[in-house]
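Before any comments, here is the structure.
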Amino acid sequence: MKLAALLLAASAGAAGAADLAAITSQGAGALTLLDPATGETAATVVLPGKPAAVAVDAARGRILAVAVGTARLHVFDFAGKELRQVALDGAPFGVAVDPASGLAYVSDWQVPRAFEVDPASGTVRRVIPVGPTPSGIAIADGIMVTADRDANALSLVDLATGTTRTVAVGEHPFGVTLRQGRAYTADVLANTVSVVDLAAGEVVGTIPTGERPYAVAFAGGEGFVSDQYGSTVTVFDAGSLAVTDTIAVGDYPEGIAATSDGRSLVLANWFSDTVMVIDAATHAVVREIPVPEGPRAFGAFVAARP
């Protein structure tokens, strides 16, 4: 189905300096493109099929969003124009982009695998086995990491050799974020973040969170975890892993990502139908932006405009 882009307002901010936040709204069936620095919406795009996961590829000016209900990967440009759709088998869910190659990786909630997709051509290049019910997915330095919910584990896949290692983590890992050689996974039923050293393939720390953690982001030397049931964000020191603060936010916070300058966090509140911008230094909520129903923004959904 061809998607209709409905331009709502022009983005503000300095040319070449503004970030783009791509917000998937599962209930409304929409993708909203906004500037977190101003709160202004650049475009809202009709995106049917209960979209949740999204990834922004700043280097190539592409936005990738997965529609779970229609089992499709949608590729857009930064203006919200659809470039192509890629039909996938099973139940595609999470999505990540390899910053080096620009290839997309999509986890399959139904089958223990991930698809490697070329967004430029729409070609599925290969299928990679992982653990059961993979949800969150992330790529860095040639390593693909999936959070395998029903295995209570991460799969660490060397994309060059296909070699896979498995690391046990907390119960029901969901969102996974990579930073400086480590994976941080939100363990939904354990109320923890597990910290995994990618080289060693072992857990090197566990961080307590609020109830039902969903995703992790980093800014200003601290980690920020969205706590779904707590309506909070747990803050921890990235060095010591000690919890330093708890921030009250909207109802059922889910996707969270840092702005490109590392000064702010952008947070989607699924049940409040808002996006919040949090100052990374003060931990204050500085802006709340209404968006279409059911924002989830699961993935790396914020990046600098090219």
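Following the order of the structure tokens, chains are lettered A, B, ..., residues in each are numbered from 1, and ligands are numbered from 1.
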
According to DSSP computed on the backbone, where in segment 62-181 of chain A is there strand (DSSP E)? Give the residues as a PyMOL selection string.
chain A and resi 62-67+72-77+82-87+92-97+104-108+113-118+123-129+134-140+143-148+153-158+164-168+173-179

Distance table requested - segment 74-186 of chain A against segment 227-246 of chain A, cut-off 12 Å, only C-alpha atoms: one row per qualifying residue with the closest atom pair and its distance in Å to one decimal, ordered by chain and rising residue number, as JSON lines.
```
{"residue": "A:Phe174", "atom": "CA", "partner": "A:Gln228", "partner_atom": "CA", "distance": 11.9}
{"residue": "A:Gly175", "atom": "CA", "partner": "A:Asp227", "partner_atom": "CA", "distance": 11.5}
{"residue": "A:Arg179", "atom": "CA", "partner": "A:Ala238", "partner_atom": "CA", "distance": 9.7}
{"residue": "A:Gln180", "atom": "CA", "partner": "A:Ala238", "partner_atom": "CA", "distance": 10.4}
{"residue": "A:Arg182", "atom": "CA", "partner": "A:Ala238", "partner_atom": "CA", "distance": 10.8}
{"residue": "A:Tyr184", "atom": "CA", "partner": "A:Ala238", "partner_atom": "CA", "distance": 10.5}
{"residue": "A:Ala186", "atom": "CA", "partner": "A:Asp227", "partner_atom": "CA", "distance": 9.2}
```

For Ser155 of chain A, find every residue with an atom within 10 Å (counting only C-alpha atoms), except residues of its own chain fewer than 3 positions away, and show them as a PDB file with N, CA and C atoms, in the first residue's frame.
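Generated output (out-v2.pdb):
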```pdb
ATOM      1  N   PRO A 129      20.208 -17.238  12.280  1.00  0.00           N
ATOM      2  CA  PRO A 129      19.591 -17.866  13.459  1.00  0.00           C
ATOM      3  C   PRO A 129      20.004 -17.148  14.749  1.00  0.00           C
ATOM      4  N   VAL A 130      19.019 -16.956  15.654  1.00  0.00           N
ATOM      5  CA  VAL A 130      19.281 -16.398  16.983  1.00  0.00           C
ATOM      6  C   VAL A 130      18.432 -17.184  17.980  1.00  0.00           C
ATOM      7  N   GLY A 131      18.248 -16.656  19.188  1.00  0.00           N
ATOM      8  CA  GLY A 131      17.458 -17.345  20.194  1.00  0.00           C
ATOM      9  C   GLY A 131      15.969 -17.110  20.025  1.00  0.00           C
ATOM     10  N   PRO A 132      15.130 -17.782  20.832  1.00  0.00           N
ATOM     11  CA  PRO A 132      13.676 -17.675  20.696  1.00  0.00           C
ATOM     12  C   PRO A 132      13.128 -16.312  21.090  1.00  0.00           C
ATOM     13  N   PRO A 134      13.197 -13.189  19.606  1.00  0.00           N
ATOM     14  CA  PRO A 134      14.080 -12.025  19.624  1.00  0.00           C
ATOM     15  C   PRO A 134      13.267 -10.741  19.510  1.00  0.00           C
ATOM     16  N   ILE A 137      17.222  -5.371  19.004  1.00  0.00           N
ATOM     17  CA  ILE A 137      18.347  -5.744  18.163  1.00  0.00           C
ATOM     18  C   ILE A 137      19.247  -4.521  17.996  1.00  0.00           C
ATOM     19  N   ILE A 143      29.199  -6.721  15.086  1.00  0.00           N
ATOM     20  CA  ILE A 143      28.508  -7.645  15.981  1.00  0.00           C
ATOM     21  C   ILE A 143      27.028  -7.288  16.025  1.00  0.00           C
ATOM     22  N   MET A 144      26.169  -8.272  15.781  1.00  0.00           N
ATOM     23  CA  MET A 144      24.723  -8.105  15.948  1.00  0.00           C
ATOM     24  C   MET A 144      24.324  -8.731  17.280  1.00  0.00           C
ATOM     25  N   VAL A 145      23.562  -7.986  18.058  1.00  0.00           N
ATOM     26  CA  VAL A 145      23.086  -8.485  19.350  1.00  0.00           C
ATOM     27  C   VAL A 145      21.566  -8.491  19.335  1.00  0.00           C
ATOM     28  N   THR A 146      20.973  -9.630  19.687  1.00  0.00           N
ATOM     29  CA  THR A 146      19.517  -9.690  19.838  1.00  0.00           C
ATOM     30  C   THR A 146      19.180 -10.034  21.285  1.00  0.00           C
ATOM     31  N   ALA A 147      18.097  -9.428  21.782  1.00  0.00           N
ATOM     32  CA  ALA A 147      17.568  -9.772  23.095  1.00  0.00           C
ATOM     33  C   ALA A 147      16.529 -10.868  22.886  1.00  0.00           C
ATOM     34  N   ASP A 148      16.874 -12.090  23.288  1.00  0.00           N
ATOM     35  CA  ASP A 148      16.020 -13.254  23.050  1.00  0.00           C
ATOM     36  C   ASP A 148      15.134 -13.464  24.274  1.00  0.00           C
ATOM     37  N   ALA A 151      14.375 -16.906  25.932  1.00  0.00           N
ATOM     38  CA  ALA A 151      15.569 -17.648  26.360  1.00  0.00           C
ATOM     39  C   ALA A 151      16.242 -16.983  27.546  1.00  0.00           C
ATOM     40  N   ASP A 158      28.708 -12.654  15.195  1.00  0.00           N
ATOM     41  CA  ASP A 158      29.746 -12.043  14.374  1.00  0.00           C
ATOM     42  C   ASP A 158      29.236 -12.062  12.937  1.00  0.00           C
ATOM     43  N   THR A 164      28.063 -17.475  16.553  1.00  0.00           N
ATOM     44  CA  THR A 164      27.114 -16.955  17.537  1.00  0.00           C
ATOM     45  C   THR A 164      27.491 -17.421  18.935  1.00  0.00           C
ATOM     46  N   ARG A 165      27.497 -16.478  19.870  1.00  0.00           N
ATOM     47  CA  ARG A 165      27.646 -16.791  21.285  1.00  0.00           C
ATOM     48  C   ARG A 165      26.360 -16.405  22.003  1.00  0.00           C
ATOM     49  N   THR A 166      26.039 -17.126  23.072  1.00  0.00           N
ATOM     50  CA  THR A 166      24.836 -16.852  23.855  1.00  0.00           C
ATOM     51  C   THR A 166      25.226 -16.494  25.277  1.00  0.00           C
ATOM     52  N   VAL A 167      24.610 -15.425  25.791  1.00  0.00           N
ATOM     53  CA  VAL A 167      24.906 -14.967  27.148  1.00  0.00           C
ATOM     54  C   VAL A 167      23.606 -14.884  27.931  1.00  0.00           C
ATOM     55  N   ALA A 168      23.509 -15.590  29.055  1.00  0.00           N
ATOM     56  CA  ALA A 168      22.324 -15.534  29.905  1.00  0.00           C
ATOM     57  C   ALA A 168      22.245 -14.185  30.609  1.00  0.00           C
ATOM     58  N   GLY A 201      31.967 -11.977  26.476  1.00  0.00           N
ATOM     59  CA  GLY A 201      30.723 -12.739  26.386  1.00  0.00           C
ATOM     60  C   GLY A 201      30.166 -13.109  27.742  1.00  0.00           C
TER      61      GLY A 201
END
```

Env of segment 293-300 of chain A: 6 Å cut, atoms = only C-alpha atoms, seq-sep filter 2 positions within chain, self excluded. Answer as a PDB file with all heavy atoms, in the first residue's frame.
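Produced file part30.pdb, reproduced below:
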```pdb
ATOM      1  N   ILE A  23       8.965   8.933  15.350  1.00  0.00           N
ATOM      2  CA  ILE A  23       8.120   8.335  16.379  1.00  0.00           C
ATOM      3  C   ILE A  23       7.055   7.451  15.727  1.00  0.00           C
ATOM      4  O   ILE A  23       6.187   7.939  14.994  1.00  0.00           O
ATOM      5  CB  ILE A  23       7.424   9.411  17.231  1.00  0.00           C
ATOM      6  CG1 ILE A  23       8.428  10.460  17.732  1.00  0.00           C
ATOM      7  CG2 ILE A  23       6.665   8.760  18.381  1.00  0.00           C
ATOM      8  CD1 ILE A  23       9.506   9.917  18.631  1.00  0.00           C
ATOM      9  N   THR A  24       7.109   6.152  16.000  1.00  0.00           N
ATOM     10  CA  THR A  24       6.057   5.251  15.539  1.00  0.00           C
ATOM     11  C   THR A  24       4.906   5.274  16.539  1.00  0.00           C
ATOM     12  O   THR A  24       5.117   5.155  17.743  1.00  0.00           O
ATOM     13  CB  THR A  24       6.577   3.817  15.430  1.00  0.00           C
ATOM     14  OG1 THR A  24       7.319   3.502  16.612  1.00  0.00           O
ATOM     15  CG2 THR A  24       7.467   3.649  14.212  1.00  0.00           C
ATOM     16  N   SER A  25       3.684   5.423  16.033  1.00  0.00           N
ATOM     17  CA  SER A  25       2.491   5.379  16.872  1.00  0.00           C
ATOM     18  C   SER A  25       1.689   4.145  16.492  1.00  0.00           C
ATOM     19  O   SER A  25       1.091   4.077  15.415  1.00  0.00           O
ATOM     20  CB  SER A  25       1.653   6.641  16.687  1.00  0.00           C
ATOM     21  OG  SER A  25       2.273   7.750  17.290  1.00  0.00           O
ATOM     22  N   GLN A  26       1.697   3.152  17.384  1.00  0.00           N
ATOM     23  CA  GLN A  26       1.086   1.868  17.062  1.00  0.00           C
ATOM     24  C   GLN A  26      -0.426   1.970  16.948  1.00  0.00           C
ATOM     25  O   GLN A  26      -1.030   1.417  16.029  1.00  0.00           O
ATOM     26  CB  GLN A  26       1.464   0.836  18.122  1.00  0.00           C
ATOM     27  CG  GLN A  26       1.104  -0.585  17.757  1.00  0.00           C
ATOM     28  CD  GLN A  26       1.697  -1.584  18.720  1.00  0.00           C
ATOM     29  OE1 GLN A  26       1.341  -1.617  19.897  1.00  0.00           O
ATOM     30  NE2 GLN A  26       2.604  -2.408  18.246  1.00  0.00           N
ATOM     31  N   GLY A  27      -1.058   2.682  17.874  1.00  0.00           N
ATOM     32  CA  GLY A  27      -2.516   2.783  17.848  1.00  0.00           C
ATOM     33  C   GLY A  27      -3.031   3.546  16.647  1.00  0.00           C
ATOM     34  O   GLY A  27      -4.022   3.153  16.018  1.00  0.00           O
ATOM     35  N   ALA A  28      -2.370   4.643  16.318  1.00  0.00           N
ATOM     36  CA  ALA A  28      -2.828   5.505  15.218  1.00  0.00           C
ATOM     37  C   ALA A  28      -2.384   4.997  13.858  1.00  0.00           C
ATOM     38  O   ALA A  28      -2.927   5.414  12.832  1.00  0.00           O
ATOM     39  CB  ALA A  28      -2.309   6.925  15.427  1.00  0.00           C
ATOM     40  N   ALA A  52       5.905  -0.345  15.592  1.00  0.00           N
ATOM     41  CA  ALA A  52       6.503  -0.111  16.907  1.00  0.00           C
ATOM     42  C   ALA A  52       7.984   0.203  16.771  1.00  0.00           C
ATOM     43  O   ALA A  52       8.466   1.206  17.277  1.00  0.00           O
ATOM     44  CB  ALA A  52       6.291  -1.325  17.818  1.00  0.00           C
ATOM     45  N   ALA A  53       8.726  -0.666  16.079  1.00  0.00           N
ATOM     46  CA  ALA A  53      10.174  -0.498  15.995  1.00  0.00           C
ATOM     47  C   ALA A  53      10.561   0.443  14.865  1.00  0.00           C
ATOM     48  O   ALA A  53       9.927   0.464  13.809  1.00  0.00           O
ATOM     49  CB  ALA A  53      10.845  -1.856  15.786  1.00  0.00           C
ATOM     50  N   VAL A  54      11.628   1.208  15.100  1.00  0.00           N
ATOM     51  CA  VAL A  54      12.078   2.199  14.126  1.00  0.00           C
ATOM     52  C   VAL A  54      13.568   2.434  14.326  1.00  0.00           C
ATOM     53  O   VAL A  54      14.088   2.315  15.444  1.00  0.00           O
ATOM     54  CB  VAL A  54      11.272   3.512  14.273  1.00  0.00           C
ATOM     55  CG1 VAL A  54      11.455   4.121  15.654  1.00  0.00           C
ATOM     56  CG2 VAL A  54      11.607   4.503  13.178  1.00  0.00           C
ATOM     57  N   ALA A  55      14.267   2.727  13.237  1.00  0.00           N
ATOM     58  CA  ALA A  55      15.694   3.053  13.304  1.00  0.00           C
ATOM     59  C   ALA A  55      15.984   4.149  12.298  1.00  0.00           C
ATOM     60  O   ALA A  55      15.472   4.119  11.174  1.00  0.00           O
ATOM     61  CB  ALA A  55      16.551   1.825  13.011  1.00  0.00           C
ATOM     62  N   GLU A 254       8.236   4.108  26.898  1.00  0.00           N
ATOM     63  CA  GLU A 254       8.838   2.998  26.159  1.00  0.00           C
ATOM     64  C   GLU A 254      10.130   3.444  25.475  1.00  0.00           C
ATOM     65  O   GLU A 254      11.183   3.467  26.072  1.00  0.00           O
ATOM     66  CB  GLU A 254       7.829   2.414  25.171  1.00  0.00           C
ATOM     67  CG  GLU A 254       6.684   1.695  25.866  1.00  0.00           C
ATOM     68  CD  GLU A 254       6.139   0.533  25.078  1.00  0.00           C
ATOM     69  OE1 GLU A 254       6.361   0.454  23.861  1.00  0.00           O
ATOM     70  OE2 GLU A 254       5.478  -0.326  25.685  1.00  0.00           O
ATOM     71  N   GLY A 255      10.078   3.812  24.186  1.00  0.00           N
ATOM     72  CA  GLY A 255      11.295   4.156  23.469  1.00  0.00           C
ATOM     73  C   GLY A 255      12.006   5.359  24.068  1.00  0.00           C
ATOM     74  O   GLY A 255      11.369   6.353  24.433  1.00  0.00           O
ATOM     75  N   ALA A 268       9.288   8.353  24.455  1.00  0.00           N
ATOM     76  CA  ALA A 268       7.904   8.153  23.999  1.00  0.00           C
ATOM     77  C   ALA A 268       7.077   7.558  25.128  1.00  0.00           C
ATOM     78  O   ALA A 268       7.427   6.507  25.677  1.00  0.00           O
ATOM     79  CB  ALA A 268       7.885   7.235  22.786  1.00  0.00           C
ATOM     80  N   TRP A 270       3.829   5.761  25.780  1.00  0.00           N
ATOM     81  CA  TRP A 270       2.849   5.010  24.990  1.00  0.00           C
ATOM     82  C   TRP A 270       1.407   5.363  25.366  1.00  0.00           C
ATOM     83  O   TRP A 270       0.563   5.629  24.509  1.00  0.00           O
ATOM     84  CB  TRP A 270       3.107   3.508  25.177  1.00  0.00           C
ATOM     85  CG  TRP A 270       2.288   2.605  24.298  1.00  0.00           C
ATOM     86  CD1 TRP A 270       1.525   2.962  23.224  1.00  0.00           C
ATOM     87  CD2 TRP A 270       2.174   1.188  24.409  1.00  0.00           C
ATOM     88  NE1 TRP A 270       0.939   1.846  22.660  1.00  0.00           N
ATOM     89  CE2 TRP A 270       1.323   0.749  23.370  1.00  0.00           C
ATOM     90  CE3 TRP A 270       2.700   0.242  25.278  1.00  0.00           C
ATOM     91  CZ2 TRP A 270       0.993  -0.597  23.190  1.00  0.00           C
ATOM     92  CZ3 TRP A 270       2.380  -1.095  25.092  1.00  0.00           C
ATOM     93  CH2 TRP A 270       1.533  -1.504  24.061  1.00  0.00           C
ATOM     94  N   ASP A 273       0.327   9.366  25.006  1.00  0.00           N
ATOM     95  CA  ASP A 273       0.312   9.933  23.655  1.00  0.00           C
ATOM     96  C   ASP A 273       1.159  11.202  23.572  1.00  0.00           C
ATOM     97  O   ASP A 273       0.774  12.200  22.960  1.00  0.00           O
ATOM     98  CB  ASP A 273      -1.126  10.223  23.187  1.00  0.00           C
ATOM     99  CG  ASP A 273      -1.975   8.973  23.142  1.00  0.00           C
ATOM    100  OD1 ASP A 273      -1.407   7.868  23.002  1.00  0.00           O
ATOM    101  OD2 ASP A 273      -3.212   9.089  23.249  1.00  0.00           O
ATOM    102  N   VAL A 302      16.441   8.577  17.035  1.00  0.00           N
ATOM    103  CA  VAL A 302      16.859   9.982  16.965  1.00  0.00           C
ATOM    104  C   VAL A 302      18.229  10.051  16.295  1.00  0.00           C
ATOM    105  O   VAL A 302      19.125   9.269  16.612  1.00  0.00           O
ATOM    106  CB  VAL A 302      16.932  10.625  18.348  1.00  0.00           C
ATOM    107  CG1 VAL A 302      17.398  12.076  18.244  1.00  0.00           C
ATOM    108  CG2 VAL A 302      15.577  10.555  19.059  1.00  0.00           C
TER     109      VAL A 302
END
```

Length of the atom CA of Phe76 of chain A to atom CA of Arg287 of chain A vector [Å]:
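The value is 26.3 Å.
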
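In terms of minimum interatomic distance to His74 of chain A, A:Val46 ranks closest within A:Val46, A:Ser101, A:Asp150, A:Val203, counting only C-alpha atoms.
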
Could you check how far atom CA of Ala140 of chain A sits from atom CA of Thr70 of chain A, in Å to one decimal?
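Spanning atom CA of Ala140 of chain A to atom CA of Thr70 of chain A is a straight-line distance of 28.3 Å.
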
Could you check how far atom CA of Gly205 of chain A sits from atom CA of Ser226 of chain A, in Å to one decimal?
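Taking atom CA of Gly205 of chain A as the start and atom CA of Ser226 of chain A as the end point, the length is 18.4 Å.
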